[in-house]
>>> print(open('structure.cif').read())   # mmCIF, C-alpha atoms
data_structure
loop_
_atom_site.label_atom_id
_atom_site.label_comp_id
_atom_site.auth_asym_id
_atom_site.auth_seq_id
_atom_site.Cartn_x
_atom_site.Cartn_y
_atom_site.Cartn_z
CA MET A 1 109.25 69.21 66.19
CA ALA A 2 107.64 66.66 68.49
CA THR A 3 109.57 65.62 71.55
CA ALA A 4 110.10 62.01 72.55
CA PRO A 5 107.60 60.72 75.08
CA GLU A 6 108.87 60.64 78.65
CA LEU A 7 109.59 57.12 79.84
CA VAL A 8 107.76 55.98 82.97
CA GLN A 9 109.22 53.16 85.03
CA ILE A 10 106.63 50.67 86.24
CA THR A 11 107.38 48.65 89.34
CA LEU A 12 105.98 45.15 89.01
CA ALA A 13 106.61 44.13 92.63
CA PRO A 14 106.90 46.09 95.86
CA PRO A 15 110.47 46.62 97.07
CA ARG A 16 111.73 44.04 99.49
CA PRO A 17 111.99 45.34 103.04
CA GLN A 18 115.58 45.86 104.13
CA PRO A 19 116.67 43.77 107.13
CA LYS A 20 117.27 45.62 110.37
CA PRO A 21 120.87 46.19 111.36
CA ALA A 22 122.13 43.65 113.88
CA TRP A 23 122.15 46.24 116.65
CA LEU A 24 118.39 46.77 116.31
CA ARG A 25 117.42 43.14 116.89
CA ALA A 26 116.00 42.45 120.34
CA HIS A 27 115.70 39.05 121.99
CA ALA A 28 112.26 37.49 122.34
CA PRO A 29 110.86 37.97 125.85
CA VAL A 30 111.26 34.88 128.03
CA GLY A 31 111.76 34.05 131.68
CA GLU A 32 109.76 33.27 134.79
CA ASN A 33 109.45 36.91 135.90
CA TYR A 34 108.22 37.96 132.46
CA HIS A 35 105.39 35.43 132.39
CA GLU A 36 104.51 36.07 136.03
CA LEU A 37 104.13 39.82 135.49
CA LYS A 38 102.13 39.37 132.30
CA LYS A 39 99.71 37.01 134.01
CA LEU A 40 99.25 39.30 137.00
CA ALA A 41 98.65 42.36 134.82
CA ARG A 42 95.81 40.50 133.12
CA GLN A 43 94.30 39.39 136.42
CA LEU A 44 94.30 42.93 137.83
CA HIS A 45 93.10 44.52 134.55
CA LEU A 46 96.22 46.67 134.29
CA HIS A 47 97.97 48.07 131.24
CA THR A 48 101.74 48.19 130.77
CA VAL A 49 103.34 50.60 128.34
CA CYS A 50 105.92 47.85 127.77
CA GLU A 51 103.23 45.98 125.81
CA SER A 52 101.12 48.87 124.48
CA ALA A 53 104.14 50.67 123.02
CA GLN A 54 105.75 47.44 121.76
CA CYS A 55 108.97 48.03 123.68
CA PRO A 56 111.87 45.87 122.43
CA ASN A 57 113.31 45.52 125.95
CA ILE A 58 110.23 44.07 127.63
CA GLY A 59 111.81 40.71 128.42
CA GLU A 60 115.02 42.13 129.88
CA CYS A 61 113.29 44.76 132.03
CA TRP A 62 110.60 42.44 133.36
CA ASN A 63 113.19 39.83 134.27
CA HIS A 64 115.06 42.53 136.22
CA ARG A 65 111.79 43.16 138.08
CA THR A 66 111.36 46.60 136.55
CA ALA A 67 107.99 47.27 134.95
CA THR A 68 106.21 50.29 133.52
CA PHE A 69 102.51 50.48 134.35
CA MET A 70 100.25 52.69 132.24
CA LEU A 71 97.57 54.58 134.13
CA LEU A 72 94.32 56.16 132.96
CA GLY A 73 93.30 53.45 130.54
CA ASN A 74 94.73 52.36 127.21
CA LEU A 75 93.31 55.06 124.91
CA CYS A 76 95.21 58.31 124.36
CA THR A 77 93.54 61.62 123.52
CA ARG A 78 96.43 62.63 121.24
CA ARG A 79 97.59 61.19 117.94
CA CYS A 80 101.37 61.38 117.98
CA GLY A 81 102.92 60.10 114.76
CA PHE A 82 105.42 57.78 116.45
CA CYS A 83 103.38 56.14 119.20
CA ALA A 84 101.87 52.64 119.15
CA VAL A 85 99.49 53.28 122.07
CA PRO A 86 95.87 53.17 120.81
CA LYS A 87 94.07 56.47 120.26
CA GLY A 88 90.45 57.33 120.90
CA ARG A 89 87.90 58.62 123.34
CA PRO A 90 88.96 57.37 126.80
CA GLU A 91 86.77 55.74 129.41
CA PRO A 92 86.03 57.58 132.69
CA ILE A 93 88.96 57.68 135.12
CA ASP A 94 89.24 54.51 137.19
CA TRP A 95 89.89 55.69 140.76
CA ASP A 96 90.64 52.15 141.94
CA GLU A 97 93.54 51.80 139.51
CA PRO A 98 96.24 53.04 141.97
CA ARG A 99 95.33 50.28 144.43
CA ARG A 100 95.63 47.59 141.75
CA VAL A 101 98.99 48.90 140.52
CA ALA A 102 100.30 48.93 144.11
CA GLU A 103 99.02 45.38 144.59
CA ALA A 104 100.86 44.24 141.46
CA VAL A 105 104.08 45.93 142.60
CA ALA A 106 103.83 44.28 146.03
CA THR A 107 102.92 40.83 144.68
CA LEU A 108 105.84 40.82 142.25
CA GLY A 109 108.27 42.32 144.73
CA LEU A 110 109.37 44.95 142.24
CA LYS A 111 112.48 46.93 143.10
CA HIS A 112 111.72 49.79 140.72
CA ALA A 113 108.25 50.66 139.43
CA VAL A 114 107.78 53.09 136.57
CA VAL A 115 104.33 54.62 136.28
CA THR A 116 103.24 56.44 133.14
CA SER A 117 99.93 57.21 131.43
CA VAL A 118 98.22 58.04 128.23
CA ASN A 119 97.44 61.72 127.66
CA ARG A 120 94.13 62.64 129.25
CA ASP A 121 93.53 66.17 127.95
CA ASP A 122 89.89 65.70 128.97
CA ASP A 123 90.84 65.75 132.70
CA ASN A 124 94.40 66.85 133.49
CA LEU A 125 93.76 67.39 137.20
CA GLY A 126 92.16 63.99 137.55
CA GLY A 127 95.15 62.42 135.81
CA ALA A 128 97.59 64.16 138.16
CA LYS A 129 95.65 62.94 141.20
CA ILE A 130 95.80 59.35 139.92
CA PHE A 131 99.59 59.62 139.58
CA ALA A 132 99.91 60.99 143.13
CA GLU A 133 97.64 58.35 144.66
CA THR A 134 99.51 55.57 142.84
CA ILE A 135 102.82 56.76 144.31
CA ARG A 136 101.31 56.80 147.81
CA GLN A 137 99.70 53.38 147.46
CA ILE A 138 102.95 51.78 146.22
CA ARG A 139 104.89 53.33 149.09
CA GLU A 140 102.35 52.02 151.60
CA LEU A 141 102.55 48.41 150.39
CA THR A 142 106.19 48.31 149.21
CA PRO A 143 108.23 50.97 151.08
CA ASP A 144 111.56 49.83 149.59
CA CYS A 145 110.40 50.10 145.95
CA LYS A 146 111.67 53.12 144.03
CA VAL A 147 108.88 54.92 142.15
CA GLU A 148 109.51 56.73 138.89
CA VAL A 149 106.74 58.61 137.09
CA LEU A 150 106.74 59.41 133.38
CA ILE A 151 104.15 62.15 133.09
CA PRO A 152 102.44 63.93 130.17
CA ASP A 153 102.67 67.72 129.88
CA PHE A 154 99.24 68.25 131.53
CA GLN A 155 98.76 71.00 128.92
CA GLY A 156 101.09 73.23 130.95
CA ILE A 157 98.92 73.34 134.11
CA ASP A 158 101.34 73.97 137.00
CA LYS A 159 98.89 72.69 139.62
CA CYS A 160 98.99 69.23 138.04
CA LEU A 161 102.78 69.06 138.26
CA GLN A 162 102.67 70.23 141.87
CA ILE A 163 100.12 67.52 142.77
CA VAL A 164 102.48 64.82 141.44
CA LEU A 165 105.58 66.29 143.09
CA ASP A 166 103.81 66.55 146.45
CA ALA A 167 103.62 62.74 146.44
CA GLN A 168 107.44 62.68 146.28
CA PRO A 169 108.33 60.33 143.42
CA ASP A 170 111.94 59.18 143.33
CA VAL A 171 112.23 60.28 139.69
CA LEU A 172 110.03 62.58 137.61
CA ASN A 173 110.38 61.94 133.89
CA HIS A 174 108.85 63.90 131.04
CA ASN A 175 110.02 63.05 127.53
CA THR A 176 110.77 65.76 125.00
CA GLU A 177 110.77 62.97 122.36
CA SER A 178 112.06 65.00 119.39
CA VAL A 179 113.55 68.28 118.15
CA PRO A 180 111.46 71.48 117.92
CA ARG A 181 111.35 71.50 114.10
CA LEU A 182 109.56 68.13 114.01
CA TYR A 183 107.10 68.63 116.87
CA ARG A 184 104.08 69.29 114.68
CA VAL A 185 104.28 65.85 113.03
CA VAL A 186 105.91 63.87 115.84
CA ARG A 187 104.04 65.16 118.92
CA SER A 188 100.51 66.18 118.01
CA GLY A 189 99.12 68.57 120.61
CA ALA A 190 102.46 69.07 122.38
CA ARG A 191 104.69 72.16 122.48
CA TYR A 192 108.46 72.06 122.85
CA GLU A 193 108.64 75.14 125.06
CA ARG A 194 105.85 73.75 127.24
CA SER A 195 107.86 70.58 127.87
CA LEU A 196 110.99 72.57 128.69
CA ARG A 197 109.02 74.73 131.12
CA LEU A 198 107.62 71.65 132.88
CA LEU A 199 111.12 70.22 133.35
CA GLU A 200 112.41 73.57 134.58
CA ASN A 201 109.55 73.75 137.08
CA VAL A 202 110.45 70.35 138.53
CA LYS A 203 113.56 71.93 140.04
CA LYS A 204 111.70 75.11 141.00
CA PHE A 205 108.86 73.32 142.78
CA SER A 206 110.92 70.44 144.23
CA PRO A 207 114.69 71.03 144.01
CA GLY A 208 115.58 67.62 145.45
CA THR A 209 113.59 65.59 142.93
CA VAL A 210 115.59 63.73 140.28
CA SER A 211 114.41 64.85 136.82
CA LYS A 212 114.67 62.93 133.59
CA SER A 213 113.85 63.27 129.90
CA GLY A 214 114.24 61.22 126.74
CA LEU A 215 114.41 61.55 122.97
CA MET A 216 114.05 59.34 119.90
CA ALA A 217 116.56 59.61 117.07
CA GLY A 218 115.84 58.77 113.44
CA LEU A 219 112.75 60.85 112.64
CA GLY A 220 114.51 63.28 110.32
CA GLU A 221 116.47 65.45 112.73
CA THR A 222 120.15 66.31 112.44
CA MET A 223 122.83 65.55 114.99
CA ASP A 224 123.21 69.28 115.66
CA GLU A 225 119.49 69.50 116.44
CA LEU A 226 119.75 66.62 118.89
CA LEU A 227 122.70 68.22 120.66
CA ALA A 228 120.80 71.52 120.84
CA VAL A 229 117.94 69.75 122.68
CA PHE A 230 120.47 68.16 125.04
CA ARG A 231 121.77 71.64 125.86
CA ASP A 232 118.26 72.94 126.46
CA LEU A 233 117.60 70.08 128.89
CA ALA A 234 120.93 70.55 130.65
CA ASP A 235 120.10 74.24 131.06
CA ARG A 236 116.90 73.14 132.89
CA ARG A 237 119.08 71.04 135.26
CA VAL A 238 117.65 67.74 134.02
CA ASP A 239 119.57 64.95 135.78
CA ILE A 240 119.05 61.91 133.53
CA LEU A 241 118.88 61.71 129.72
CA THR A 242 117.85 58.73 127.57
CA VAL A 243 118.30 58.56 123.79
CA GLY A 244 117.19 55.69 121.57
CA GLN A 245 116.47 54.79 117.96
CA TYR A 246 112.93 55.36 116.70
CA LEU A 247 111.39 52.10 115.45
CA ARG A 248 108.25 52.33 113.34
CA PRO A 249 105.39 50.45 115.04
CA SER A 250 103.42 50.01 111.80
CA LYS A 251 103.01 51.37 108.28
CA ASP A 252 100.48 53.85 109.69
CA HIS A 253 103.16 55.57 111.77
CA LEU A 254 105.97 57.91 110.78
CA PRO A 255 108.69 56.26 108.69
CA ILE A 256 112.25 55.86 109.92
CA ALA A 257 114.36 58.57 108.32
CA ARG A 258 117.65 56.92 109.26
CA CYS A 259 119.21 54.41 111.64
CA TYR A 260 121.97 55.73 113.85
CA THR A 261 124.93 53.47 114.53
CA PRO A 262 126.11 52.40 117.99
CA ASP A 263 129.15 54.68 117.51
CA GLU A 264 126.86 57.65 116.93
CA PHE A 265 124.89 56.86 120.06
CA HIS A 266 128.16 56.66 121.98
CA PHE A 267 129.08 60.09 120.60
CA MET A 268 125.75 61.48 121.84
CA LYS A 269 126.40 60.06 125.31
CA VAL A 270 129.88 61.57 125.50
CA GLU A 271 128.65 64.99 124.37
CA ALA A 272 125.66 64.91 126.75
CA LEU A 273 127.84 64.04 129.74
CA LYS A 274 130.02 67.04 128.94
CA MET A 275 126.90 69.20 129.34
CA GLY A 276 126.45 68.13 132.96
CA PHE A 277 123.89 65.30 133.00
CA ARG A 278 124.40 62.95 135.94
CA HIS A 279 123.52 59.88 133.91
CA VAL A 280 123.03 59.27 130.17
CA GLU A 281 121.61 56.10 128.61
CA SER A 282 122.17 56.22 124.84
CA GLY A 283 121.85 53.30 122.44
CA PRO A 284 119.75 51.90 119.59
CA LEU A 285 117.29 49.99 121.81
CA VAL A 286 117.22 52.44 124.72
CA ARG A 287 113.76 53.52 125.89
CA SER A 288 112.65 55.76 128.76
CA SER A 289 112.55 52.97 131.32
CA TYR A 290 115.54 50.98 130.07
CA HIS A 291 117.89 50.29 133.03
CA ALA A 292 115.72 52.66 135.06
CA HIS A 293 116.74 50.99 138.31
CA GLU A 294 120.37 51.87 137.56
CA HIS A 295 119.56 55.49 136.68
CA VAL A 296 118.25 56.17 140.19
CA SER A 297 121.19 54.67 142.07
CA GLN A 298 123.81 56.31 139.89
CA SER A 299 122.07 59.69 139.85
CA SER A 300 121.57 59.61 143.61
CA ALA A 301 125.24 58.71 144.13
CA ALA A 302 126.25 61.72 142.04
CA THR A 303 124.51 64.06 144.49
CA GLN A 304 126.31 62.74 147.55
#
>>> encode(input="structure.cif", output="structure tokens")
Amino acid sequence: MATAPELVQITLAPPRPQPKPAWLRAHAPVGENYHELKKLARQLHLHTVCESAQCPNIGECWNHRTATFMLLGNLCTRRCGFCAVPKGRPEPIDWDEPRRVAEAVATLGLKHAVVTSVNRDDDNLGGAKIFAETIRQIRELTPDCKVEVLIPDFQGIDKCLQIVLDAQPDVLNHNTESVPRLYRVVRSGARYERSLRLLENVKKFSPGTVSKSGLMAGLGETMDELLAVFRDLADRRVDILTVGQYLRPSKDHLPIARCYTPDEFHFMKVEALKMGFRHVESGPLVRSSYHAHEHVSQSSAATQ
């Protein structure tokens, strides 16, 4: 006896995109400080991760005179599934870049400068030296400016970490980004244990340095997995934790698995503080450098 043919549903139009929840809508960047910093970055041929990574808080941070400069060019040697920074074969290291970043910091009178970079797996030692020289140049021109560095994993090379710490940044940040189960798709070329070891070594190599790490939520992890990463970071004596909602930069990047509510982010903050972090920034639009100037003062106060 012949069976009935299976019915196939044909979609005549693509599904309409769902609007973002109200708590994921950022204000358009405006303000005198914002336009001043953008103009200066162009004049000095500098990159900011605020722009390259499409950060939703760019207007607020720049108007608070907090900016995140991106060293070592604008092309990353890795292809992480979440990141909007362009990928490709990088140009040779620009050894004059630290001077230009320091000049921008001084000209703008920044109170807190965050310095990060693309991954440069082609020259990890060179990348570490650029970080160190940028810290020194900023300190020379703007002694009162706090300097925070957000570093890559340097492929686990301890000498690179030591070079950066020897320059005495106020905060050393290295983001774990996601939970171990998702590392292969989220952080191409990275290793969870390698990142934990780097953060542990911050306190071994320079016990007085404030350490920091951050994660994105919404890539397919569970709440229990997030809390497990928090515990791993607390066990490495990480001082500051940031947690924010992953937002898909384009259709070519990893999709959003779910949007966490503000109440869930509050729950994460409460649980993380119980684990011993000195400061936790947790919310839908939180990014690594969000309220960075407050992290330093509050974390430093906790040590006194």
>>> resolve_selection(input="structure.cif", expression="the PyMOL selection byres ((chain A and resi 235) around 12)", output="PyMOL selection string")
chain A and resi 196-197+199-200+203+228-234+236-239+272+275-277
>>> resolve_selection(input="structure.cif", expression="the PyMOL selection byres ((chain A and resi 96) around 12)", output="ChimeraX atom specification")
/A:44-46,71-73,92-95,97-103,129-131,133-134,137
>>> closest_residue(input="structure.cif", among="A:Leu198, A:Val280, A:Ile256, A:Ile135", to="A:Gly220", atoms="only C-alpha atoms")
A:Ile256
>>> residues_around(input="structure.cif", residues="A:Ser211", least_positions_apart="4", cutoff="12 Å", atoms="all atoms listed in the file", output="compact mmCIF listing (two decimals) with C-alpha atoms, keeping the file's coordinate frame")
# COMPACT_ATOMS: atom_id res chain seq x y z
CA GLU A 148 109.51 56.73 138.89
CA VAL A 149 106.74 58.61 137.09
CA LEU A 150 106.74 59.41 133.38
CA ILE A 151 104.15 62.15 133.09
CA LEU A 165 105.58 66.29 143.09
CA GLN A 168 107.44 62.68 146.28
CA PRO A 169 108.33 60.33 143.42
CA ASP A 170 111.94 59.18 143.33
CA VAL A 171 112.23 60.28 139.69
CA LEU A 172 110.03 62.58 137.61
CA ASN A 173 110.38 61.94 133.89
CA HIS A 174 108.85 63.90 131.04
CA ASN A 175 110.02 63.05 127.53
CA LEU A 196 110.99 72.57 128.69
CA LEU A 198 107.62 71.65 132.88
CA LEU A 199 111.12 70.22 133.35
CA GLU A 200 112.41 73.57 134.58
CA ASN A 201 109.55 73.75 137.08
CA VAL A 202 110.45 70.35 138.53
CA LYS A 203 113.56 71.93 140.04
CA LYS A 204 111.70 75.11 141.00
CA PHE A 205 108.86 73.32 142.78
CA SER A 206 110.92 70.44 144.23
CA PRO A 207 114.69 71.03 144.01
CA LEU A 233 117.60 70.08 128.89
CA ALA A 234 120.93 70.55 130.65
CA ARG A 236 116.90 73.14 132.89
CA ARG A 237 119.08 71.04 135.26
CA VAL A 238 117.65 67.74 134.02
CA ASP A 239 119.57 64.95 135.78
CA ILE A 240 119.05 61.91 133.53
CA LEU A 241 118.88 61.71 129.72
CA THR A 242 117.85 58.73 127.57
CA PHE A 277 123.89 65.30 133.00
CA ARG A 278 124.40 62.95 135.94
CA HIS A 279 123.52 59.88 133.91
CA HIS A 295 119.56 55.49 136.68
CA VAL A 296 118.25 56.17 140.19
CA SER A 299 122.07 59.69 139.85
CA SER A 300 121.57 59.61 143.61
>>> resolve_selection(input="structure.cif", expression="the PyMOL selection byres ((chain A and resi 246) around 7)", output="PyMOL selection string")
chain A and resi 216-219+244-245+247-248+256
>>> atom_distance(input="structure.cif", atom1="atom CA of A:Arg187", atom2="atom CA of A:Arg79")
7.6 Å
>>> atom_distance(input="structure.cif", atom1="atom CA of A:Glu225", atom2="atom CA of A:Ser117")
27.5 Å
>>> axis_aligned_box(input="structure.cif", around="stretch 157-174 of chain A", padding_each_side="5 Å", output="JSON")
{"center_x": 105.6, "center_y": 66.6, "center_z": 138.7, "size_x": 23.3, "size_y": 24.8, "size_z": 25.4}
>>> atom_distance(input="structure.cif", atom1="atom CA of A:Ile157", atom2="atom CA of A:Val210")
20.2 Å
>>> residues_near_point(input="structure.cif", point="(125.1, 55.7, 118.8)", cutoff="10 Å", atoms="only C-alpha atoms", output="number ranges by chain")
A: 217, 243-245, 259-269, 282-284
>>> residues_around(input="structure.cif", residues="A:Val186", least_positions_apart="6", cutoff="10 Å", atoms="only C-alpha atoms", output="PyMOL selection string")
chain A and resi 79-83+177-180+219+253-254
>>> closest_residue(input="structure.cif", among="A:Arg181, A:Lys212, A:Lys159, A:Arg139", to="A:Glu281", atoms="all atoms listed in the file")
A:Lys212
>>> closest_residue(input="structure.cif", among="A:Lys274, A:Arg191, A:Arg287, A:Lys146", to="A:Val105", atoms="only C-alpha atoms")
A:Lys146
>>> closest_residue(input="structure.cif", among="A:Met223, A:Val286, A:Ala190, A:Leu108", to="A:Arg258", atoms="all atoms listed in the file")
A:Met223
>>> build_atoms(input="structure.cif", residues="stretch 102-113 of chain A", atoms="all heavy atoms", output="short mmCIF file (atom, residue, chain, number, x, y, z; two decimals), keeping the file's coordinate frame")
data_model
loop_
_atom_site.label_atom_id
_atom_site.label_comp_id
_atom_site.auth_asym_id
_atom_site.auth_seq_id
_atom_site.Cartn_x
_atom_site.Cartn_y
_atom_site.Cartn_z
N ALA A 102 99.53 49.18 142.89
CA ALA A 102 100.30 48.93 144.11
C ALA A 102 100.27 47.46 144.48
O ALA A 102 101.27 46.91 144.95
CB ALA A 102 99.76 49.80 145.25
N GLU A 103 99.13 46.82 144.29
CA GLU A 103 99.02 45.38 144.59
C GLU A 103 99.93 44.58 143.68
O GLU A 103 100.59 43.62 144.12
CB GLU A 103 97.56 44.94 144.43
CG GLU A 103 97.34 43.47 144.76
CD GLU A 103 95.89 43.03 144.56
OE1 GLU A 103 94.99 43.91 144.61
OE2 GLU A 103 95.66 41.83 144.37
N ALA A 104 99.98 44.94 142.41
CA ALA A 104 100.86 44.24 141.46
C ALA A 104 102.32 44.42 141.84
O ALA A 104 103.11 43.47 141.82
CB ALA A 104 100.61 44.74 140.04
N VAL A 105 102.70 45.64 142.20
CA VAL A 105 104.08 45.93 142.60
C VAL A 105 104.46 45.09 143.82
O VAL A 105 105.54 44.49 143.88
CB VAL A 105 104.26 47.43 142.89
CG1 VAL A 105 105.61 47.70 143.54
CG2 VAL A 105 104.12 48.24 141.60
N ALA A 106 103.56 45.03 144.80
CA ALA A 106 103.83 44.28 146.03
C ALA A 106 103.89 42.77 145.76
O ALA A 106 104.78 42.08 146.26
CB ALA A 106 102.76 44.58 147.07
N THR A 107 102.97 42.27 144.96
CA THR A 107 102.92 40.83 144.68
C THR A 107 104.18 40.37 143.95
O THR A 107 104.71 39.29 144.23
CB THR A 107 101.68 40.50 143.83
OG1 THR A 107 100.50 40.90 144.55
CG2 THR A 107 101.60 39.01 143.53
N LEU A 108 104.66 41.19 143.04
CA LEU A 108 105.84 40.82 142.25
C LEU A 108 107.14 41.15 142.96
O LEU A 108 108.21 40.75 142.51
CB LEU A 108 105.79 41.54 140.90
CG LEU A 108 104.67 41.09 139.96
CD1 LEU A 108 104.49 42.08 138.83
CD2 LEU A 108 104.98 39.71 139.40
N GLY A 109 107.06 41.92 144.03
CA GLY A 109 108.27 42.32 144.73
C GLY A 109 109.17 43.19 143.88
O GLY A 109 110.40 43.05 143.90
N LEU A 110 108.58 44.11 143.12
CA LEU A 110 109.37 44.95 142.24
C LEU A 110 110.31 45.85 143.04
O LEU A 110 109.96 46.38 144.09
CB LEU A 110 108.46 45.82 141.37
CG LEU A 110 107.56 45.09 140.37
CD1 LEU A 110 106.83 46.10 139.48
CD2 LEU A 110 108.34 44.11 139.51
N LYS A 111 111.50 46.05 142.49
CA LYS A 111 112.48 46.93 143.10
C LYS A 111 112.35 48.36 142.58
O LYS A 111 112.73 49.32 143.25
CB LYS A 111 113.89 46.41 142.83
CG LYS A 111 114.15 45.01 143.36
CD LYS A 111 115.52 44.53 142.92
CE LYS A 111 115.78 43.09 143.41
NZ LYS A 111 117.10 42.60 142.93
N HIS A 112 111.85 48.47 141.36
CA HIS A 112 111.72 49.79 140.72
C HIS A 112 110.46 49.77 139.85
O HIS A 112 110.38 49.00 138.91
CB HIS A 112 112.95 50.09 139.86
CG HIS A 112 112.99 51.50 139.35
ND1 HIS A 112 113.80 52.47 139.89
CD2 HIS A 112 112.31 52.12 138.36
CE1 HIS A 112 113.63 53.60 139.25
NE2 HIS A 112 112.72 53.42 138.31
N ALA A 113 109.50 50.58 140.20
CA ALA A 113 108.25 50.66 139.43
C ALA A 113 108.21 51.98 138.67
O ALA A 113 108.42 53.05 139.26
CB ALA A 113 107.05 50.56 140.35
#
